[in-house]
Amino acid sequence: QVQLVESGGGLVQAGGSLRLSCAASGRIFSINAMDWFRQYPGKQRELVASITRFGTTNYVDSVKGRFTISRDDAKNTVYLQMNNLKPEDTAVYCCKVQNSDYVVYWGKGTLVTVSS
């Protein structure tokens, strides 16, 4: 069974930084895409950033220049470095991983709160 565990969320003042981690454990081999989503209360999840197994990255416009996604395949871990955080970044952040058989796994999420 595969589990994704996020960490690194918390409370930070506007302009501050946080680094989220998402570690995959269990029988998971050859991970393809790794993504970070966020969800605001009562709204659908929004794709924040993605990274392919080749290292190609994509970001939603609202975080470009502030967030950086990276991965460590030896640790089956994806990171999201978030700088210059804004109150509108407050949300539950969760990771999604797709393996080479196109099976998708989701983490439970970690709360990020940015105070003004």
# chains A, B, ... in the order shown; residues from 1 in each chain; ligands from 1

$ residues_around --residues "range 36-43 of chain A" --least-positions-apart "3" --cutoff "6 Å" --atoms "only C-alpha atoms" --output "JSON, numbers by chain"
{"A": [46, 47, 48, 49, 91, 92, 93, 94, 95]}

$ closest_residue --among "A:Thr110, A:Gln44, A:Ser62, A:Ser7" --to "Asp89 in chain A" --atoms "only C-alpha atoms"
A:Ser62

$ residues_around --residues "Ser17 in chain A" --least-positions-apart "5" --cutoff "10 Å" --atoms "only C-alpha atoms" --output "list in words"
Leu11, Val12, Arg66, Phe67, Gln81, Met82, Asn83, Asn84, Leu85, Lys86 and Val114 of chain A

$ write_last_selection --atoms "C-alpha atoms" --output "PDB file, in the first residue's frame"
ATOM      1  CA  LEU A  11       1.318  29.696  10.304  1.00  0.00           C
ATOM      2  CA  VAL A  12       3.509  32.376   8.776  1.00  0.00           C
ATOM      3  CA  ARG A  66       7.419  32.861  -5.635  1.00  0.00           C
ATOM      4  CA  PHE A  67       7.054  29.048  -5.450  1.00  0.00           C
ATOM      5  CA  GLN A  81       9.400  25.999  -1.562  1.00  0.00           C
ATOM      6  CA  MET A  82       7.042  28.932  -0.993  1.00  0.00           C
ATOM      7  CA  ASN A  83       8.514  32.409  -0.671  1.00  0.00           C
ATOM      8  CA  ASN A  84       6.925  35.826  -0.293  1.00  0.00           C
ATOM      9  CA  LEU A  85       3.739  34.232   0.936  1.00  0.00           C
ATOM     10  CA  LYS A  86       0.502  36.187   0.726  1.00  0.00           C
ATOM     11  CA  VAL A 114      -0.608  33.270   6.015  1.00  0.00           C
TER      12      VAL A 114
END

$ closest_residue --among "A:Leu4, A:Leu20, A:Ile51, A:Val63" --to "Leu111 in chain A" --atoms "only C-alpha atoms"
A:Leu20

$ residues_around --residues "Val5 in chain A" --least-positions-apart "3" --cutoff "7 Å" --atoms "only C-alpha atoms" --output "CSV table (one decimal) with N, CA and C atoms, in the first residue's frame"
chain,number,residue,atom,x,y,z
A,22,CYS,N,6.5,16.2,0.7
A,22,CYS,CA,5.5,15.1,0.5
A,22,CYS,C,6.3,13.8,0.2
A,23,ALA,N,6.3,12.9,1.1
A,23,ALA,CA,7.1,11.7,1.0
A,23,ALA,C,6.2,10.5,0.7
A,24,ALA,N,6.5,9.7,-0.4
A,24,ALA,CA,5.8,8.5,-0.7
A,24,ALA,C,6.4,7.3,-0.2
A,107,GLY,N,-2.1,12.7,-1.1
A,107,GLY,CA,-1.9,12.9,0.3
A,107,GLY,C,-3.1,13.5,1.0

$ atom_distance --atom1 "CA of Asp35 in chain A" --atom2 "CA of Glu88 in chain A"
19.6 Å

$ atom_distance --atom1 "CA of Val60 in chain A" --atom2 "CA of Gly26 in chain A"
29.9 Å

$ closest_residue --among "A:Gly10, A:Gln3, A:Tyr102, A:Arg27" --to "Thr90 in chain A" --atoms "only C-alpha atoms"
A:Gly10

$ closest_residue --among "A:Val2, A:Tyr105, A:Arg53, A:Asp61" --to "Ile31 in chain A" --atoms "only C-alpha atoms"
A:Arg53

$ select_by_dssp --residues "chain A" --states "helix (DSSP H, G or I)" --output "number ranges by chain"
A: 61-63, 87-89

$ write_last_selection --atoms "N, CA and C atoms" --output "PDB file, in the first residue's frame"
ATOM      1  N   ASP A  61      -0.282  30.791 -12.545  1.00  0.00           N
ATOM      2  CA  ASP A  61       0.254  32.149 -12.692  1.00  0.00           C
ATOM      3  C   ASP A  61       0.423  32.866 -11.354  1.00  0.00           C
ATOM      4  N   SER A  62      -0.478  32.624 -10.426  1.00  0.00           N
ATOM      5  CA  SER A  62      -0.464  33.379  -9.176  1.00  0.00           C
ATOM      6  C   SER A  62       0.746  33.074  -8.287  1.00  0.00           C
ATOM      7  N   VAL A  63       1.481  31.997  -8.568  1.00  0.00           N
ATOM      8  CA  VAL A  63       2.630  31.660  -7.724  1.00  0.00           C
ATOM      9  C   VAL A  63       3.951  31.732  -8.481  1.00  0.00           C
ATOM     10  N   PRO A  87      -1.550  36.413   2.039  1.00  0.00           N
ATOM     11  CA  PRO A  87      -2.735  35.860   2.712  1.00  0.00           C
ATOM     12  C   PRO A  87      -3.597  34.991   1.791  1.00  0.00           C
ATOM     13  N   GLU A  88      -3.637  35.311   0.515  1.00  0.00           N
ATOM     14  CA  GLU A  88      -4.443  34.522  -0.426  1.00  0.00           C
ATOM     15  C   GLU A  88      -3.836  33.150  -0.720  1.00  0.00           C
ATOM     16  N   ASP A  89      -2.637  32.883  -0.216  1.00  0.00           N
ATOM     17  CA  ASP A  89      -2.055  31.541  -0.338  1.00  0.00           C
ATOM     18  C   ASP A  89      -2.560  30.608   0.763  1.00  0.00           C
TER      19      ASP A  89
END
